[in-house]
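Following: one structure in structure tokens, then a few remarks.
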2 protein chains.
Amino acid sequence: MMVYGAIEAGGTKFVVAVGDEKGNIIKRETYKTTEPAETMQQVIQFFKQYESDLKAIGIGSFGPIDIRKDSKTYGYITHTPKLAWRNYNIVGALKNEFNVPMGFTTDVNAAALGEVKLGAAKGLESCIYVTIGTGIGGGAVVRGEILEGFSHPEMGHIMVKRHKHDRFTGNCPSHDDCLEGLAAGGAIEKRFGKKSALLADNEEVWNLEAHYLAQAVMNYTLTLSPERIVLGGGVMKQRQLFPLIRQKLKGLMNQYVKLPPLDEYIVPPMLEDDAGITGCVILAVQTYEKEQ
Amino acid sequence: MMVYGAIEAGGTKFVVAVGDEKGNIIKRETYKTTEPAETMQQVIQFFKQYESDLKAIGIGSFGPIDIRKDSKTYGYITHTPKLAWRNYNIVGALKNEFNVPMGFTTDVNAAALGEVKLGAAKGLESCIYVTIGTGIGGGAVVRGEILEGFSHPEMGHIMVKRHKHDRFTGNCPSHDDCLEGLAAGGAIEKRFGKKSALLADNEEVWNLEAHYLAQAVMNYTLTLSPERIVLGGGVMKQRQLFPLIRQKLKGLMNQYVKLPPLDEYIVPPMLEDDAGITGCVILAVQTYEKEQ
């Protein structure tokens with residue numbers, strides 16, 4: 001039986017799996033992210049068990065990463081704050097061990113692919129997946145494939161209008177008051193002095209959060225016109241945010257663009273924590289098919 | 001000789017053309033936009049001359065338009081302020097006369113396609129084309145094809161941060177101080193009391209304009225990651241804007257995302273007024289090839 005390999009490379013854990021050509025996961029393991037030498041040895045050992053059946057590997061990595069095929073550092077995790085992984089050639093390390101086609105993208109692009117093929121956007125050709133956790137990241141699928149161009153999207157760092165009563169300066173180390181600096185879990189905690197999960201009853205928190213996330217969804221919509229937007233991550237576990245974001249988006253958009261019914265347009269993930277690894281299996285399948 | 005038809009449907013004029021399979025224009029005509037019955041009769045007469053050779057027609061229209069193939073109003077110009085054209089079935093009118101495949105998109109999506117195949121983004125797979133004129137519109141090409149999803153992009157209406165000294169309320173009828181409301185030619189004229197062409201020497205005007213357009217370029221970049229961004233339209237004829245936008249983008253981005261050299265990344269159109277009609281020819285070619 002032929003299998004497709006998948007690696008979801010995260011800052012705290014690595015998930016590895018093999019799956020079938022439909023994206024179903026057959027077997028998976030999870031390893032703590034330590035140093036590349038140690039973590040990657042576990043990853044390689046996992047796939048060695050399947051070596052004779054392995055058709056391709058799809059990798060969805062924390063970033064930023066270099067996805068430019070003509071770049072000298074293609075396949076590298078680049079200027080991550082995780083110093084042990086900075087400028088680490090993850091695709092190269094795998095290429096040394098496995099002579100199969102490899103797809104390489106961001107963790108959020110992989111999650112978008114997972115959700116569009118088997119999750120909350122199944123049956124559609126396009127979607128955006130945004131995770132609002134400690135930081136904010138977003139990826140997209142267009143015409144059934146991951147969206148990449150000069151590099152990969154970094155949707156968490158777009159500019160949005162400040163709420164007129166918000167005096168928090170923003171805590172993005174690169175852009176101060178970009179979306180992530182104003183609306184990520186880290187910003188909520190810093191502004192209100194508690195983790196977002198402990199603020200569930202505080203309406204001010206979620207109205208402000210929806211003020212920023214509705215603008216983000218508006219900007220993504222007007223730029224990309226996806227068929228659906230999936231909002232995941234720890235902050236979005238506060239499900240009261242969904243109706244607030246939809247309502248504020250409706251006001252902002254003011255009927256300018258026709259949208260799908262908003263409760264179908266802005267939705268939670270369906271695959272939840274499996275979105276990324278599922279997308280990596282599908283990326284492996286797509287990469288294999290392209291190289292045939 | 002087989003030819004491909006092209007229609008650039010604008011609010012003030014219609015450009016029609018036939019071209020070859022490379023996108024080169026063989027013959028063109030321009031008609032004033034009056035009422036659909038009158039203008040479309042001229043359009044139809046033009047193509048009747050080529051009827052036996054016509055393989056397909058590509059249409060790039062002022063909007064908003066309905067591009068959803070499964071919609072009852074597919075092929076319509078929808079809620080335009082030009083009342084005579086509101087809810088006009090432009091594709092249907094052409095289908096009644098010509099039994100050929102038809103591609104239908106926005107004028108700015110067509111211009112993006114023209115610039116990526118034969119203009120300022122030639123040789124690339126993706127680009128964004130933005131026109132900053134009386135209003136602001138933007139289109140995109142991804143993997144060599146026009147970007148569409150639930151609908152088409154409307155990039156002119158994204159939210160951006162106000163400049164702290166800008167007291168102009170914004171003049172977008174739908175969103176007040178969205179990008180178009182703050183930075184289109186109409187906003188410049190209303191804020192400073194003169195048309196932008198008469199304000200060429202006023203540094204305040206162009207610094208403020210660059211403040212908004214750099215944010216727009218930043219947001220498009222982080223959402224779509226195109227290989228190039230082409231900025232056209234009347235306001236961008238003020239070429240001093242290009243270095244200002246590049247410089248402000250560099251500051252905003254703060255090295256967070258690796259970009260191409262900025263003087264190659266943010267560029268003026270190469271096809272100028274021919275971008276749209278050229279893109280319509282190419283859209284006709286792509287539509288014909290897909291239907292084979």
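Residues in the structure tokens are numbered from 1 in each chain, the chains being A, B, ... in the order shown, and ligands are numbered from 1 in the order shown.
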
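Within the 10 Å cut-off around Glu264 in chain A, using only C-alpha atoms and omitting residues fewer than 5 positions from it on the same chain, the listed residues are Ala120, Ala121, Glu227, Arg228, Ile229, Val230 and Leu259 of chain A.
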
Worksheet item: Leaving out Tyr256 in chain B and any residue of its chain fewer than 6 positions from it, which residues lie within 12 Å of it when counting only C-alpha atoms, given as a list in words?
Response: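 The residues that qualify are Gly63, Pro64, Ile65, Thr78, His79, Thr80, Ser151, Pro153, Glu154, Met155, Gly156, His157, Ile158, Cys172, Pro173, Ser174, His175 and Cys178 of chain A; Met218, Thr221, Leu222, Leu249 and Lys250 of chain B.
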
Item to complete: List the neighbours of Gly181 in chain A out to 12 Å using only C-alpha atoms; skip same-chain residues closer than 3 positions along the sequence, and give me the result as a PyMOL selection string.
Response: chain A and resi 132-136+156-160+162+168-178+184-191+209+212

How close does each residue of range 121-225 of chain A get to range 94-111 of chain A, giving the shortest atom pair and distance in Å to one decimal for every residue with an atom at most 7 Å away, counting only C-alpha atoms, sorted by chain and residue number, as a Markdown table?
```
| residue | atom | partner | partner_atom | distance |
| --- | --- | --- | --- | --- |
| A:Tyr129 | CA | A:Val108 | CA | 6.7 |
| A:Gly137 | CA | A:Val108 | CA | 6.5 |
| A:Gly138 | CA | A:Val108 | CA | 5.6 |
| A:Gly139 | CA | A:Asn109 | CA | 4.1 |
| A:Ala140 | CA | A:Asn109 | CA | 5.7 |
| A:Ile146 | CA | A:Asn109 | CA | 6.2 |
```

What are the DSSP strand (DSSP E or B) residues of range 54-125 of chain B, as a PDB file with C-alpha atoms, in the first residue's frame?
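Wrote it out as result.pdb, contents follow:
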```
ATOM      1  CA  LEU B  54     -14.338  34.623 -33.731  1.00  0.00           C
ATOM      2  CA  LYS B  55     -13.228  31.940 -31.269  1.00  0.00           C
ATOM      3  CA  ALA B  56     -14.239  33.544 -27.971  1.00  0.00           C
ATOM      4  CA  ILE B  57     -14.950  36.878 -26.283  1.00  0.00           C
ATOM      5  CA  GLY B  58     -13.355  38.230 -23.110  1.00  0.00           C
ATOM      6  CA  ILE B  59     -15.215  40.965 -21.251  1.00  0.00           C
ATOM      7  CA  GLY B  60     -13.720  43.201 -18.559  1.00  0.00           C
ATOM      8  CA  SER B  61     -16.468  45.355 -17.132  1.00  0.00           C
ATOM      9  CA  ILE B  65     -20.731  42.510 -11.644  1.00  0.00           C
ATOM     10  CA  TYR B  76     -24.996  41.035 -15.209  1.00  0.00           C
ATOM     11  CA  ILE B  77     -23.641  44.414 -14.271  1.00  0.00           C
ATOM     12  CA  TYR B  88     -28.017  44.811 -17.308  1.00  0.00           C
ATOM     13  CA  ASN B  89     -27.258  41.331 -18.654  1.00  0.00           C
ATOM     14  CA  MET B 102     -17.217  34.066 -23.110  1.00  0.00           C
ATOM     15  CA  GLY B 103     -15.066  35.104 -20.178  1.00  0.00           C
ATOM     16  CA  PHE B 104     -16.475  37.743 -17.859  1.00  0.00           C
ATOM     17  CA  THR B 105     -14.562  39.620 -15.181  1.00  0.00           C
ATOM     18  CA  THR B 106     -13.904  43.103 -13.824  1.00  0.00           C
TER      19      THR B 106
END
```

Worksheet entry | Pick from B:Gly75, B:Gly232, B:Pro81, B:Gly149, whichever lies nearest to chain A using only C-alpha atoms | B:Gly149

Discussion item. So that I can see what lies close to Glu35 in chain B, please list as a list in words the residues with an atom at most 8 Å from it, counting only C-alpha atoms and leaving out residues fewer than 4 positions away in the same chain.
Written reply: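 Non-adjacent residues within range: Thr39, Ala84 and Trp85 of chain B.
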
Item to complete: Skip Gly144 in chain B itself and residues of its chain fewer than 5 positions away, then list as a ChimeraX atom specification all residues within 9 Å of it, counting only C-alpha atoms.
Response: /B:113,116-117,124-127

Please produce a file of the residues just selected, as a PDB file, in the first residue's frame, where the atoms kept are N, CA and C atoms.
```pdb
ATOM      1  N   LEU B 113      -4.438  40.856 -15.711  1.00  0.00           N
ATOM      2  CA  LEU B 113      -4.071  39.780 -16.639  1.00  0.00           C
ATOM      3  C   LEU B 113      -3.237  40.319 -17.799  1.00  0.00           C
ATOM      4  N   VAL B 116       0.301  41.059 -16.541  1.00  0.00           N
ATOM      5  CA  VAL B 116       1.111  39.879 -16.192  1.00  0.00           C
ATOM      6  C   VAL B 116       1.546  39.114 -17.433  1.00  0.00           C
ATOM      7  N   LYS B 117       0.760  39.200 -18.494  1.00  0.00           N
ATOM      8  CA  LYS B 117       1.131  38.429 -19.688  1.00  0.00           C
ATOM      9  C   LYS B 117       1.993  39.236 -20.648  1.00  0.00           C
ATOM     10  N   LEU B 124       5.962  36.712 -14.963  1.00  0.00           N
ATOM     11  CA  LEU B 124       5.603  36.261 -13.619  1.00  0.00           C
ATOM     12  C   LEU B 124       4.292  35.482 -13.673  1.00  0.00           C
ATOM     13  N   GLU B 125       3.986  34.844 -12.563  1.00  0.00           N
ATOM     14  CA  GLU B 125       2.762  34.041 -12.467  1.00  0.00           C
ATOM     15  C   GLU B 125       1.662  34.780 -11.729  1.00  0.00           C
ATOM     16  N   SER B 126       2.048  35.837 -11.021  1.00  0.00           N
ATOM     17  CA  SER B 126       1.049  36.530 -10.202  1.00  0.00           C
ATOM     18  C   SER B 126       1.337  38.020 -10.168  1.00  0.00           C
ATOM     19  N   CYS B 127       0.293  38.801 -10.037  1.00  0.00           N
ATOM     20  CA  CYS B 127       0.464  40.234  -9.780  1.00  0.00           C
ATOM     21  C   CYS B 127      -0.854  40.809  -9.295  1.00  0.00           C
TER      22      CYS B 127
END
```

Discussion item. Measuring between only C-alpha atoms, which one of A:Pro268, A:Gly234, A:Gly23, A:Pro261 shows the shortest distance to chain B?
Written reply: A:Pro261

Response to the item:
Restricting to only C-alpha atoms, whichever of A:Lys258, A:Lys22, A:Arg246, A:Arg28 is closest to Phe150 in chain B is A:Lys258

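Scanning range 42-74 of chain A with DSSP on the backbone, the alpha helix (DSSP H) assignments fall on A:Gln42, A:Val43, A:Ile44, A:Gln45, A:Phe46, A:Phe47, A:Lys48.
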
Using the selection just defined, write its residues with N, CA and C atoms as a PDB file, in the first residue's frame.
```pdb
ATOM      1  N   GLN A  42      13.705  11.856  15.239  1.00  0.00           N
ATOM      2  CA  GLN A  42      12.437  11.152  15.504  1.00  0.00           C
ATOM      3  C   GLN A  42      11.545  11.161  14.265  1.00  0.00           C
ATOM      4  N   VAL A  43      11.491  12.297  13.610  1.00  0.00           N
ATOM      5  CA  VAL A  43      10.677  12.432  12.393  1.00  0.00           C
ATOM      6  C   VAL A  43      11.163  11.433  11.333  1.00  0.00           C
ATOM      7  N   ILE A  44      12.470  11.396  11.157  1.00  0.00           N
ATOM      8  CA  ILE A  44      13.047  10.538  10.115  1.00  0.00           C
ATOM      9  C   ILE A  44      12.804   9.057  10.457  1.00  0.00           C
ATOM     10  N   GLN A  45      12.992   8.723  11.718  1.00  0.00           N
ATOM     11  CA  GLN A  45      12.727   7.335  12.132  1.00  0.00           C
ATOM     12  C   GLN A  45      11.288   6.923  11.852  1.00  0.00           C
ATOM     13  N   PHE A  46      10.377   7.840  12.104  1.00  0.00           N
ATOM     14  CA  PHE A  46       8.964   7.535  11.843  1.00  0.00           C
ATOM     15  C   PHE A  46       8.755   7.164  10.372  1.00  0.00           C
ATOM     16  N   PHE A  47       9.275   7.994   9.475  1.00  0.00           N
ATOM     17  CA  PHE A  47       9.042   7.742   8.048  1.00  0.00           C
ATOM     18  C   PHE A  47       9.856   6.557   7.524  1.00  0.00           C
ATOM     19  N   LYS A  48      10.962   6.230   8.190  1.00  0.00           N
ATOM     20  CA  LYS A  48      11.775   5.083   7.750  1.00  0.00           C
ATOM     21  C   LYS A  48      10.943   3.786   7.772  1.00  0.00           C
TER      22      LYS A  48
END
```
